[in-house]
$ cat start-v4.cif   # mmCIF, C-alpha atoms
data_work
loop_
_atom_site.label_atom_id
_atom_site.label_comp_id
_atom_site.auth_asym_id
_atom_site.auth_seq_id
_atom_site.Cartn_x
_atom_site.Cartn_y
_atom_site.Cartn_z
CA MET L 1 -19.50 73.99 30.79
CA GLN L 2 -21.86 71.42 32.23
CA VAL L 3 -24.41 74.15 33.00
CA VAL L 4 -24.30 75.36 29.38
CA GLU L 5 -24.75 71.82 28.16
CA GLU L 6 -27.72 71.30 30.46
CA LEU L 7 -29.37 74.48 29.24
CA ASN L 8 -29.18 73.24 25.68
CA VAL L 9 -30.15 69.70 26.46
CA GLN L 10 -31.94 67.89 23.65
CA ILE L 11 -33.77 65.14 25.47
CA MET L 12 -34.54 62.94 22.48
CA GLU L 13 -30.94 63.21 21.36
CA LYS L 14 -29.77 62.18 24.83
CA LEU L 15 -32.12 59.19 24.86
CA ASN L 16 -30.92 58.04 21.45
CA ARG L 17 -27.23 58.48 22.26
CA ASP L 18 -24.62 55.73 22.71
CA ILE L 19 -27.00 52.87 22.02
CA GLU L 20 -24.23 50.42 21.07
CA ASN L 21 -22.68 50.82 24.49
CA LEU L 22 -26.07 50.53 26.15
CA ALA L 23 -26.68 47.22 24.36
CA LEU L 24 -23.28 45.91 25.48
CA ASN L 25 -23.89 46.93 29.09
CA ILE L 26 -27.32 45.29 29.17
CA ARG L 27 -25.85 42.12 27.70
CA SER L 28 -23.19 41.94 30.36
CA PHE L 29 -25.86 42.60 33.04
CA ILE L 30 -27.88 39.65 31.74
CA LYS L 31 -24.87 37.36 31.84
CA SER L 32 -23.72 38.39 35.29
CA GLN L 33 -27.21 38.09 36.79
CA ILE L 34 -27.72 34.62 35.40
CA SER L 35 -24.38 33.45 36.70
CA SER L 36 -24.94 35.03 40.11
CA PHE L 37 -28.25 33.15 40.32
CA LYS L 38 -26.35 30.00 39.22
CA LYS L 39 -28.79 29.37 36.38
CA LYS L 40 -28.12 28.08 32.89
CA GLY L 41 -30.14 30.33 30.60
CA VAL L 42 -33.31 32.39 30.21
CA VAL L 43 -36.97 31.83 29.54
CA LEU L 44 -38.68 34.81 27.95
CA GLY L 45 -42.33 35.46 27.13
CA VAL L 46 -42.45 36.63 23.51
CA SER L 47 -45.40 38.92 22.80
CA GLY L 48 -44.64 40.14 19.30
CA GLY L 49 -43.92 43.58 20.76
CA ILE L 50 -40.76 45.66 20.71
CA ASP L 51 -39.75 45.13 24.37
CA SER L 52 -39.68 41.34 24.25
CA ALA L 53 -38.05 41.44 20.78
CA VAL L 54 -35.21 43.61 22.13
CA ALA L 55 -34.79 41.54 25.30
CA LEU L 56 -34.81 38.29 23.33
CA THR L 57 -32.22 39.57 20.85
CA LEU L 58 -29.89 40.80 23.61
CA CYS L 59 -30.20 37.47 25.46
CA VAL L 60 -29.40 35.51 22.29
CA GLN L 61 -26.42 37.74 21.45
CA GLU L 62 -24.99 37.35 24.93
CA LEU L 63 -25.84 33.76 25.85
CA GLY L 64 -26.21 32.07 22.49
CA LYS L 65 -29.47 30.75 21.04
CA GLU L 66 -29.12 27.40 22.83
CA LYS L 67 -29.54 29.06 26.22
CA VAL L 68 -32.67 31.05 25.43
CA TYR L 69 -36.19 29.61 25.43
CA GLY L 70 -39.05 31.65 23.99
CA ILE L 71 -42.66 31.11 25.00
CA LEU L 72 -45.63 32.49 23.09
CA LEU L 73 -48.61 32.83 25.40
CA PRO L 74 -51.65 33.86 23.35
CA GLU L 75 -55.28 33.87 24.45
CA LYS L 76 -58.65 34.30 22.77
CA GLU L 77 -58.48 38.10 22.73
CA SER L 78 -54.85 38.42 21.56
CA ALA L 79 -54.29 40.07 18.20
CA PRO L 80 -53.33 37.47 15.55
CA SER L 81 -50.25 39.59 14.74
CA SER L 82 -48.87 38.93 18.26
CA ARG L 83 -48.53 35.26 17.39
CA THR L 84 -47.17 35.84 13.87
CA LEU L 85 -44.59 38.40 14.94
CA GLY L 86 -43.61 36.42 18.04
CA THR L 87 -43.04 33.29 15.96
CA GLU L 88 -41.10 35.26 13.40
CA ILE L 89 -38.63 36.76 15.85
CA CYS L 90 -38.01 33.39 17.55
CA GLU L 91 -37.38 31.75 14.19
CA SER L 92 -35.18 34.52 12.87
CA LEU L 93 -33.00 34.31 15.99
CA GLY L 94 -33.02 30.51 15.85
CA VAL L 95 -34.17 30.05 19.46
CA GLN L 96 -36.22 27.14 20.64
CA TYR L 97 -39.77 28.25 21.35
CA GLU L 98 -43.15 26.89 22.20
CA GLU L 99 -46.70 28.19 22.06
CA VAL L 100 -48.73 27.69 25.22
CA PRO L 101 -52.23 29.21 24.88
CA ILE L 102 -53.53 30.52 28.18
CA SER L 103 -57.24 30.59 27.18
CA PRO L 104 -57.98 27.27 28.97
CA ILE L 105 -56.71 28.72 32.26
CA LEU L 106 -58.80 31.86 31.76
CA GLU L 107 -61.86 29.80 30.81
CA SER L 108 -61.50 27.58 33.86
CA LEU L 109 -61.63 30.71 36.04
CA ASN L 110 -64.57 32.16 34.07
CA ILE L 111 -62.51 35.25 33.24
CA TYR L 112 -64.10 35.83 29.82
CA GLU L 113 -67.61 35.32 31.15
CA LYS L 114 -67.10 37.67 34.08
CA LYS L 115 -65.61 40.27 31.75
CA GLU L 116 -68.60 39.94 29.41
CA GLN L 117 -70.97 40.52 32.32
CA ILE L 118 -69.21 43.75 33.27
CA ILE L 119 -69.24 44.98 29.68
CA LYS L 120 -72.94 44.08 29.33
CA ARG L 121 -74.00 45.96 32.44
CA THR L 122 -71.87 48.96 31.46
CA CYS L 123 -72.86 49.10 27.78
CA PRO L 124 -76.55 48.19 27.31
CA GLU L 125 -76.31 47.71 23.53
CA TYR L 126 -73.25 45.46 23.68
CA ASP L 127 -73.52 42.45 21.42
CA PRO L 128 -70.45 40.19 21.44
CA ARG L 129 -71.31 38.94 17.94
CA ILE L 130 -70.84 42.37 16.41
CA HIS L 131 -68.81 44.48 18.83
CA LYS L 132 -65.18 44.43 19.78
CA THR L 133 -64.28 46.16 23.02
CA SER L 134 -61.48 48.17 24.54
CA LEU L 135 -60.72 50.05 27.74
CA VAL L 136 -59.53 53.61 27.23
CA LEU L 137 -58.75 56.81 29.12
CA PRO L 138 -59.32 60.30 27.70
CA ASP L 139 -56.41 61.95 25.92
CA PHE L 140 -54.55 64.09 28.46
CA LEU L 141 -52.92 66.82 26.41
CA ASN L 142 -55.87 67.84 24.25
CA GLN L 143 -58.79 67.23 26.57
CA GLY L 144 -57.44 67.82 30.08
CA LEU L 145 -60.02 65.42 31.47
CA LEU L 146 -59.66 63.24 34.55
CA ASN L 147 -58.27 59.72 34.54
CA VAL L 148 -61.71 58.17 34.07
CA PRO L 149 -61.88 54.77 32.33
CA TYR L 150 -64.36 54.11 29.54
CA ILE L 151 -65.39 50.93 27.76
CA ARG L 152 -65.49 51.54 24.04
CA LEU L 153 -67.60 49.48 21.63
CA ILE L 154 -66.14 49.05 18.17
CA LYS L 155 -68.07 47.87 15.15
CA ASP L 156 -66.33 47.32 11.81
CA GLY L 157 -63.31 49.24 13.08
CA GLU L 158 -65.35 52.30 14.14
CA THR L 159 -66.12 53.39 17.70
CA VAL L 160 -69.91 53.28 18.03
CA ALA L 161 -70.33 53.91 21.76
CA LYS L 162 -68.42 54.75 24.92
CA TYR L 163 -69.51 54.22 28.54
CA ARG L 164 -67.93 55.28 31.80
CA LEU L 165 -67.05 52.36 34.07
CA LYS L 166 -68.23 52.32 37.64
CA ALA L 167 -65.50 52.07 40.26
CA ASN L 168 -66.43 48.54 41.39
CA ASP L 169 -66.61 47.28 37.81
CA TYR L 170 -63.29 48.89 36.97
CA LEU L 171 -61.59 47.27 39.93
CA GLU L 172 -63.06 43.85 39.08
CA LEU L 173 -62.03 44.25 35.46
CA ILE L 174 -58.44 45.09 36.37
CA GLY L 175 -58.33 41.97 38.53
CA LEU L 176 -59.75 39.82 35.72
CA GLN L 177 -57.36 41.26 33.14
CA GLY L 178 -54.42 40.73 35.51
CA VAL L 179 -55.09 36.99 35.46
CA LYS L 180 -53.85 37.01 31.86
CA GLN L 181 -50.38 38.31 32.78
CA ARG L 182 -50.29 36.25 35.98
CA SER L 183 -51.11 33.05 34.07
CA ARG L 184 -48.24 33.83 31.73
CA MET L 185 -45.94 34.24 34.71
CA VAL L 186 -46.95 30.83 36.11
CA ILE L 187 -46.21 29.12 32.80
CA GLN L 188 -42.88 30.88 32.33
CA TYR L 189 -41.75 29.67 35.76
CA MET L 190 -42.93 26.16 35.02
CA TYR L 191 -40.54 26.11 32.06
CA ALA L 192 -37.76 28.03 33.77
CA GLU L 193 -37.62 25.63 36.69
CA LYS L 194 -37.69 22.60 34.43
CA LEU L 195 -34.72 23.96 32.44
CA ASN L 196 -32.93 25.51 35.44
CA TYR L 197 -33.23 28.91 33.72
CA VAL L 198 -34.27 32.35 34.98
CA VAL L 199 -37.32 34.24 33.77
CA CYS L 200 -36.28 37.41 31.99
CA GLY L 201 -38.55 40.45 32.27
CA THR L 202 -39.26 42.96 29.51
CA THR L 203 -40.56 45.94 31.47
CA ASN L 204 -39.06 49.27 30.40
CA LYS L 205 -38.49 52.39 32.51
CA THR L 206 -41.55 54.25 31.21
CA GLU L 207 -43.68 51.31 32.34
CA LEU L 208 -41.83 50.95 35.63
CA VAL L 209 -42.24 54.61 36.61
CA LEU L 210 -45.92 54.65 35.63
CA GLY L 211 -46.65 51.28 37.26
CA GLN L 212 -47.67 49.99 33.83
CA PHE L 213 -47.25 46.30 34.55
CA VAL L 214 -49.04 43.65 36.57
CA LYS L 215 -47.56 42.90 39.96
CA TYR L 216 -46.60 39.21 39.96
CA GLY L 217 -47.73 39.09 36.33
CA ASP L 218 -45.33 40.53 33.76
CA GLY L 219 -43.61 42.07 36.80
CA GLY L 220 -43.01 38.59 38.26
CA VAL L 221 -39.56 37.83 36.85
CA ASP L 222 -35.98 37.19 37.96
CA LEU L 223 -34.25 40.07 36.17
CA GLU L 224 -35.28 43.26 34.40
CA PRO L 225 -32.57 44.18 31.90
CA LEU L 226 -34.63 46.93 30.23
CA ALA L 227 -36.14 48.60 33.27
CA ASP L 228 -33.72 51.55 33.26
CA CYS L 229 -34.39 52.32 29.57
CA TYR L 230 -37.25 54.59 28.58
CA LYS L 231 -39.47 53.30 25.78
CA THR L 232 -37.73 55.71 23.41
CA GLN L 233 -34.44 53.97 24.20
CA ILE L 234 -36.06 50.59 23.57
CA TYR L 235 -36.92 51.79 20.06
CA ALA L 236 -33.34 52.97 19.59
CA LEU L 237 -32.11 49.56 20.76
CA GLY L 238 -34.57 47.87 18.40
CA LYS L 239 -33.23 49.89 15.50
CA PHE L 240 -29.64 49.16 16.46
CA LEU L 241 -30.38 45.43 16.80
CA ASN L 242 -32.22 45.33 13.46
CA VAL L 243 -35.49 44.18 14.97
CA ASN L 244 -38.13 43.35 12.37
CA GLU L 245 -39.65 46.55 10.94
CA GLU L 246 -43.20 45.33 11.56
CA ILE L 247 -42.48 44.91 15.26
CA MET L 248 -40.85 48.35 15.37
CA LYS L 249 -43.89 49.98 13.74
CA ARG L 250 -46.55 48.17 15.74
CA PRO L 251 -48.15 50.45 18.33
CA PRO L 252 -47.28 49.17 21.83
CA SER L 253 -50.15 47.43 23.62
CA ALA L 254 -50.81 45.07 26.52
CA ASP L 255 -52.99 43.25 23.96
CA THR L 256 -55.67 42.11 26.40
CA TRP L 257 -58.79 43.49 24.68
CA SER L 258 -60.64 42.13 21.65
CA HIS L 259 -60.04 45.51 19.95
CA TYR L 260 -56.29 46.20 19.82
CA THR L 261 -55.87 48.95 22.42
CA THR L 262 -52.63 50.90 22.40
CA ASP L 263 -50.66 51.94 25.47
CA GLU L 264 -51.17 55.53 24.35
CA GLU L 265 -54.96 55.06 24.61
CA PHE L 266 -54.97 53.47 28.04
CA TYR L 267 -51.73 54.34 29.85
CA TRP L 268 -49.79 57.29 28.52
CA ARG L 269 -52.68 59.45 27.29
CA MET L 270 -50.17 61.31 25.14
CA PRO L 271 -47.59 60.37 22.48
CA ILE L 272 -44.69 58.34 23.88
CA HIS L 273 -42.03 60.86 22.84
CA VAL L 274 -43.80 63.49 24.96
CA MET L 275 -44.28 61.17 27.93
CA ASP L 276 -40.62 60.07 27.86
CA GLN L 277 -39.40 63.66 27.63
CA LEU L 278 -41.55 64.59 30.63
CA LEU L 279 -40.31 61.61 32.64
CA TYR L 280 -36.69 62.35 31.71
CA SER L 281 -37.15 66.02 32.68
CA GLN L 282 -38.47 65.02 36.08
CA GLU L 283 -35.69 62.52 36.63
CA HIS L 284 -33.05 65.13 35.78
CA HIS L 285 -34.85 68.08 37.40
CA LEU L 286 -34.78 70.10 34.18
CA PRO L 287 -36.17 73.65 34.36
CA LEU L 288 -39.50 74.46 32.72
CA HIS L 289 -38.10 76.50 29.83
CA ILE L 290 -35.94 73.55 28.75
CA ILE L 291 -38.96 71.23 28.87
CA GLU L 292 -40.96 73.78 26.86
CA LYS L 293 -38.22 73.89 24.24
CA ASN L 294 -38.01 70.13 23.99
CA THR L 295 -41.68 69.17 24.06
CA GLY L 296 -43.15 72.22 22.37
CA LEU L 297 -45.82 72.28 25.08
CA PRO L 298 -46.89 75.46 26.87
CA ARG L 299 -45.81 75.92 30.48
CA ASP L 300 -49.25 75.35 32.03
CA LYS L 301 -49.71 72.07 30.17
CA ILE L 302 -46.28 70.86 31.30
CA GLU L 303 -47.09 71.68 34.91
CA LYS L 304 -50.44 69.88 34.67
CA ALA L 305 -48.78 66.87 33.04
CA GLN L 306 -46.12 66.78 35.75
CA ARG L 307 -48.76 66.81 38.48
CA HIS L 308 -50.59 64.05 36.62
CA ILE L 309 -47.40 61.96 36.40
CA ASN L 310 -46.68 62.53 40.10
CA LYS L 311 -50.16 61.28 40.95
CA ILE L 312 -49.68 58.15 38.85
CA ARG L 313 -46.29 57.58 40.48
CA ASP L 314 -47.87 57.84 43.93
CA THR L 315 -50.84 55.60 43.22
CA THR L 316 -48.66 52.92 41.63
CA GLU L 317 -46.15 52.83 44.49
CA TYR L 318 -47.86 49.64 45.65
CA VAL L 319 -47.32 47.98 42.26
CA ARG L 320 -43.56 48.55 42.40
CA ALA L 321 -43.16 47.70 46.09
CA THR L 322 -41.66 44.43 47.18
CA PRO L 323 -43.42 42.99 50.24
CA PRO L 324 -42.26 45.00 53.25
CA ILE L 325 -40.57 42.80 55.83
CA TYR L 326 -40.97 43.29 59.53
CA TYR L 327 -37.47 42.79 60.94
CA LEU L 328 -37.37 41.54 64.51
CA ASN L 329 -34.22 43.31 65.65
CA ARG L 330 -34.43 46.72 63.97
CA MET Z 331 -75.25 74.88 48.48
CA GLU Z 332 -74.10 74.22 52.05
CA GLN Z 333 -76.19 71.08 52.14
CA ILE Z 334 -74.45 69.57 49.10
CA LYS Z 335 -71.08 70.44 50.60
CA ASN Z 336 -71.96 68.77 53.89
CA VAL Z 337 -73.11 65.61 52.09
CA ILE Z 338 -69.78 65.44 50.24
CA VAL Z 339 -67.75 66.08 53.41
CA ASP Z 340 -69.68 63.33 55.24
CA TYR Z 341 -69.04 60.97 52.34
CA LEU Z 342 -65.33 61.79 52.31
CA LYS Z 343 -65.05 61.37 56.07
CA ALA Z 344 -66.55 57.90 55.80
CA ASN Z 345 -64.98 56.70 52.56
CA SER Z 346 -61.71 58.46 51.85
CA PHE Z 347 -58.20 58.67 53.30
CA MET Z 348 -59.15 61.86 55.11
CA ASP Z 349 -58.15 61.94 58.78
CA LYS Z 350 -60.90 62.82 61.20
CA GLY Z 351 -58.97 65.94 62.24
CA THR Z 352 -58.45 67.23 58.67
CA ASN Z 353 -59.94 70.64 58.09
CA LEU Z 354 -60.97 70.80 54.47
CA GLU Z 355 -61.31 74.29 52.98
CA ASP Z 356 -63.67 74.83 50.05
CA ASN Z 357 -60.90 75.19 47.48
CA ASP Z 358 -58.39 72.66 48.85
CA SER Z 359 -57.24 70.09 46.29
CA LEU Z 360 -58.64 66.69 47.30
CA THR Z 361 -55.92 64.83 45.42
CA GLN Z 362 -53.02 67.00 46.53
CA LYS Z 363 -54.16 66.79 50.15
CA GLY Z 364 -54.21 63.00 49.75
CA VAL Z 365 -57.94 62.79 50.52
CA ILE Z 366 -58.73 60.74 47.41
CA ASP Z 367 -56.74 58.87 44.78
CA SER Z 368 -57.82 57.90 41.26
CA ILE Z 369 -60.03 55.03 42.48
CA GLY Z 370 -61.48 57.25 45.21
CA LEU Z 371 -62.37 59.73 42.50
CA LEU Z 372 -64.30 57.09 40.54
CA GLU Z 373 -66.12 56.03 43.72
CA LEU Z 374 -67.00 59.64 44.45
CA MET Z 375 -68.39 60.05 40.91
CA ASP Z 376 -70.57 56.96 41.38
CA TYR Z 377 -71.80 58.25 44.74
CA ILE Z 378 -72.68 61.69 43.40
CA SER Z 379 -74.43 60.27 40.33
CA GLU Z 380 -76.55 57.99 42.47
CA LYS Z 381 -77.24 60.38 45.33
CA TYR Z 382 -78.42 63.21 43.06
CA SER Z 383 -79.72 61.00 40.20
CA ILE Z 384 -77.51 62.79 37.69
CA GLU Z 385 -75.47 61.71 34.69
CA ILE Z 386 -72.14 63.49 34.60
CA PRO Z 387 -71.23 64.17 30.95
CA GLU Z 388 -67.66 63.38 29.90
CA GLU Z 389 -66.74 67.01 29.26
CA MET Z 390 -67.52 67.82 32.90
CA LEU Z 391 -65.08 65.23 34.26
CA THR Z 392 -62.39 67.83 34.77
CA PRO Z 393 -60.04 68.51 37.70
CA GLU Z 394 -61.80 71.89 38.14
CA ASN Z 395 -65.13 70.12 38.78
CA PHE Z 396 -63.84 67.31 40.96
CA ASP Z 397 -60.75 68.34 42.85
CA SER Z 398 -62.33 70.58 45.47
CA LEU Z 399 -65.48 70.81 47.56
CA GLN Z 400 -66.37 74.04 45.80
CA GLY Z 401 -65.90 72.52 42.33
CA ILE Z 402 -67.99 69.45 43.17
CA THR Z 403 -70.75 71.53 44.77
CA ASN Z 404 -70.97 73.88 41.78
CA MET Z 405 -71.10 70.95 39.37
CA VAL Z 406 -73.82 69.09 41.30
CA LYS Z 407 -75.86 72.28 41.54
CA LYS Z 408 -75.60 72.80 37.80
CA LEU Z 409 -76.53 69.20 36.89
CA ALA Z 410 -79.26 68.68 39.49
CA LYS Z 411 -81.27 71.67 38.23
#
$ encode --input "start-v4.cif" --output "structure tokens"
Amino acid sequence: MQVVEELNVQIMEKLNRDIENLALNIRSFIKSQISSFKKKGVVLGVSGGIDSAVALTLCVQELGKEKVYGILLPEKESAPSSRTLGTEICESLGVQYEEVPISPILESLNIYEKKEQIIKRTCPEYDPRIHKTSLVLPDFLNQGLLNVPYIRLIKDGETVAKYRLKANDYLELIGLQGVKQRSRMVIQYMYAEKLNYVVCGTTNKTELVLGQFVKYGDGGVDLEPLADCYKTQIYALGKFLNVNEEIMKRPPSADTWSHYTTDEEFYWRMPIHVMDQLLYSQEHHLPLHIIEKNTGLPRDKIEKAQRHINKIRDTTEYVRATPPIYYLNR
Amino acid sequence: MEQIKNVIVDYLKANSFMDKGTNLEDNDSLTQKGVIDSIGLLELMDYISEKYSIEIPEEMLTPENFDSLQGITNMVKKLAK
């Protein structure tokens, strides 16, 4: 019977199933973790995105609004909608919140200036007065190109140029961008310790598997209630919890570039429903014909995508790893 | 042809995760053999572009052109003409 069921598995249906129970289980996880840490509540960075909206709502439902503290952490390159939507969700849930801009920290470390220098030497015609910028990877499914990062120049909403980044510049840029998430982590802990709260993470399973978070940045938290839910399940939770429609519809993004760059453009390189189905298939060792049926992709593309995902998983092992300990007596 | 291949092998020996004892066949996958990762690939692209004074167009940044000694050699030969 189980074999028959597995052969007919509808992945999206599985991921959208039993969401009420999932919400209840996550809520009880949040409560038990906080009490096992002997803390009084949670601090949560509110980005205006779906993940933090879902985590915030579940925390409020379980702990009550008095025990949840929201922090909005915008910077010069954040989309204005991040602030508006973040404020809106905090107010609609009635939680106490505060806005702490991180631009002064970034300015004191010359992050913007260093980033500008990299963009200027990569894109000769770059003019910060007229161009917005973003970092993108080529689409995987349609182009089959390598994971090579490009800086894109955008003028009046249109891409006007695209330049390949050199390895050294890419590495420096990733380090500079990571300061944004790491600054947010520092501030969240400053508040959490003052209130005797924990810091609640918002990383989902898609991000966790792909290493799509900054180590000791947005990954620097005390608990991760959403990290076993694929992004598709986060949307199902958002729908179940009646999260603001605008947040639900907003394309997911780390929101660290002056041009709003979606996770699909830089991380997934394919639509999220395809990525989640591929990740689920790997997790459950589903045979190729089932994956073909679910994703509508031809066999060779699925195999290529699976190799691509395996490579990402390998190269991001370091991001997920906790510091290895050398034990004296083992 | 052989000369390009030797240049690439020397580069990989000095700059990649390749063990000194690894015997790399012309069509071995550099990523699957763990010789280079995604950053290593970008570094290799920079090296090739500089060494042979070539611009690699986006449409040529494919696994077929970069994942083996043979693929890289063919691509360099084509672009350096």
$ residues_around --input "start-v4.cif" --residues "segment 372-378 of chain Z" --least-positions-apart "4" --cutoff "7 Å" --atoms "only C-alpha atoms" --output "PDB file with C-alpha atoms, in the frame of the given file"
ATOM      1  CA  LYS L 166     -68.230  52.320  37.640  1.00  0.00           C
ATOM      2  CA  ALA L 167     -65.500  52.070  40.260  1.00  0.00           C
TER       3      ALA L 167
ATOM      4  CA  SER Z 368     -57.820  57.900  41.260  1.00  0.00           C
ATOM      5  CA  TYR Z 382     -78.420  63.210  43.060  1.00  0.00           C
TER       6      TYR Z 382
END
$ residues_around --input "start-v4.cif" --residues "segment 66-75 of chain L" --least-positions-apart "5" --cutoff "8 Å" --atoms "all atoms listed in the file" --output "ChimeraX atom specification"
/L:40-47,56,59-60,82-83,86-87,90,95-103,184,188
$ write_last_selection --input "start-v4.cif" --atoms "C-alpha atoms" --output "PDB file, in the frame of the given file"
ATOM      1  CA  LYS L  40     -28.120  28.080  32.890  1.00  0.00           C
ATOM      2  CA  GLY L  41     -30.140  30.330  30.600  1.00  0.00           C
ATOM      3  CA  VAL L  42     -33.310  32.390  30.210  1.00  0.00           C
ATOM      4  CA  VAL L  43     -36.970  31.830  29.540  1.00  0.00           C
ATOM      5  CA  LEU L  44     -38.680  34.810  27.950  1.00  0.00           C
ATOM      6  CA  GLY L  45     -42.330  35.460  27.130  1.00  0.00           C
ATOM      7  CA  VAL L  46     -42.450  36.630  23.510  1.00  0.00           C
ATOM      8  CA  SER L  47     -45.400  38.920  22.800  1.00  0.00           C
ATOM      9  CA  LEU L  56     -34.810  38.290  23.330  1.00  0.00           C
ATOM     10  CA  CYS L  59     -30.200  37.470  25.460  1.00  0.00           C
ATOM     11  CA  VAL L  60     -29.400  35.510  22.290  1.00  0.00           C
ATOM     12  CA  SER L  82     -48.870  38.930  18.260  1.00  0.00           C
ATOM     13  CA  ARG L  83     -48.530  35.260  17.390  1.00  0.00           C
ATOM     14  CA  GLY L  86     -43.610  36.420  18.040  1.00  0.00           C
ATOM     15  CA  THR L  87     -43.040  33.290  15.960  1.00  0.00           C
ATOM     16  CA  CYS L  90     -38.010  33.390  17.550  1.00  0.00           C
ATOM     17  CA  VAL L  95     -34.170  30.050  19.460  1.00  0.00           C
ATOM     18  CA  GLN L  96     -36.220  27.140  20.640  1.00  0.00           C
ATOM     19  CA  TYR L  97     -39.770  28.250  21.350  1.00  0.00           C
ATOM     20  CA  GLU L  98     -43.150  26.890  22.200  1.00  0.00           C
ATOM     21  CA  GLU L  99     -46.700  28.190  22.060  1.00  0.00           C
ATOM     22  CA  VAL L 100     -48.730  27.690  25.220  1.00  0.00           C
ATOM     23  CA  PRO L 101     -52.230  29.210  24.880  1.00  0.00           C
ATOM     24  CA  ILE L 102     -53.530  30.520  28.180  1.00  0.00           C
ATOM     25  CA  SER L 103     -57.240  30.590  27.180  1.00  0.00           C
ATOM     26  CA  ARG L 184     -48.240  33.830  31.730  1.00  0.00           C
ATOM     27  CA  GLN L 188     -42.880  30.880  32.330  1.00  0.00           C
TER      28      GLN L 188
END
$ atom_distance --input "start-v4.cif" --atom1 "atom CA of Leu85 of chain L" --atom2 "atom CA of Gly48 of chain L"
4.7 Å
$ resolve_selection --input "start-v4.cif" --expression "the PyMOL selection byres ((chain Z and resi 353) around 12)" --output "PyMOL selection string"
chain Z and resi 339+342-343+348-352+354-358+360+363+365+399
$ write_last_selection --input "start-v4.cif" --atoms "C-alpha atoms" --output "PDB file, keeping the file's coordinate frame"
ATOM      1  CA  VAL Z 339     -67.750  66.080  53.410  1.00  0.00           C
ATOM      2  CA  LEU Z 342     -65.330  61.790  52.310  1.00  0.00           C
ATOM      3  CA  LYS Z 343     -65.050  61.370  56.070  1.00  0.00           C
ATOM      4  CA  MET Z 348     -59.150  61.860  55.110  1.00  0.00           C
ATOM      5  CA  ASP Z 349     -58.150  61.940  58.780  1.00  0.00           C
ATOM      6  CA  LYS Z 350     -60.900  62.820  61.200  1.00  0.00           C
ATOM      7  CA  GLY Z 351     -58.970  65.940  62.240  1.00  0.00           C
ATOM      8  CA  THR Z 352     -58.450  67.230  58.670  1.00  0.00           C
ATOM      9  CA  LEU Z 354     -60.970  70.800  54.470  1.00  0.00           C
ATOM     10  CA  GLU Z 355     -61.310  74.290  52.980  1.00  0.00           C
ATOM     11  CA  ASP Z 356     -63.670  74.830  50.050  1.00  0.00           C
ATOM     12  CA  ASN Z 357     -60.900  75.190  47.480  1.00  0.00           C
ATOM     13  CA  ASP Z 358     -58.390  72.660  48.850  1.00  0.00           C
ATOM     14  CA  LEU Z 360     -58.640  66.690  47.300  1.00  0.00           C
ATOM     15  CA  LYS Z 363     -54.160  66.790  50.150  1.00  0.00           C
ATOM     16  CA  VAL Z 365     -57.940  62.790  50.520  1.00  0.00           C
ATOM     17  CA  LEU Z 399     -65.480  70.810  47.560  1.00  0.00           C
TER      18      LEU Z 399
END
$ interface_residues --input "start-v4.cif" --of "chain Z" --to "chain L" --cutoff "10 Å" --atoms "all atoms listed in the file" --output "PyMOL selection string"
chain Z and resi 361-362+364+367-377+386-397
$ write_last_selection --input "start-v4.cif" --atoms "C-alpha atoms" --output "CSV table (one decimal), in the coordinates of the input"
chain,number,residue,atom,x,y,z
Z,361,THR,CA,-55.9,64.8,45.4
Z,362,GLN,CA,-53.0,67.0,46.5
Z,364,GLY,CA,-54.2,63.0,49.8
Z,367,ASP,CA,-56.7,58.9,44.8
Z,368,SER,CA,-57.8,57.9,41.3
Z,369,ILE,CA,-60.0,55.0,42.5
Z,370,GLY,CA,-61.5,57.2,45.2
Z,371,LEU,CA,-62.4,59.7,42.5
Z,372,LEU,CA,-64.3,57.1,40.5
Z,373,GLU,CA,-66.1,56.0,43.7
Z,374,LEU,CA,-67.0,59.6,44.4
Z,375,MET,CA,-68.4,60.0,40.9
Z,376,ASP,CA,-70.6,57.0,41.4
Z,377,TYR,CA,-71.8,58.2,44.7
Z,386,ILE,CA,-72.1,63.5,34.6
Z,387,PRO,CA,-71.2,64.2,31.0
Z,388,GLU,CA,-67.7,63.4,29.9
Z,389,GLU,CA,-66.7,67.0,29.3
Z,390,MET,CA,-67.5,67.8,32.9
Z,391,LEU,CA,-65.1,65.2,34.3
Z,392,THR,CA,-62.4,67.8,34.8
Z,393,PRO,CA,-60.0,68.5,37.7
Z,394,GLU,CA,-61.8,71.9,38.1
Z,395,ASN,CA,-65.1,70.1,38.8
Z,396,PHE,CA,-63.8,67.3,41.0
Z,397,ASP,CA,-60.8,68.3,42.8
$ atom_distance --input "start-v4.cif" --atom1 "atom CA of Ile384 of chain Z" --atom2 "atom CA of Ile402 of chain Z"
12.8 Å
$ atom_distance --input "start-v4.cif" --atom1 "atom CA of Thr203 of chain L" --atom2 "atom CA of Met270 of chain L"
19.2 Å
$ closest_residue --input "start-v4.cif" --among "L:His259, L:Glu20, L:Asp169, L:Ile34" --to "Lys132 of chain L" --atoms "only C-alpha atoms"
L:His259
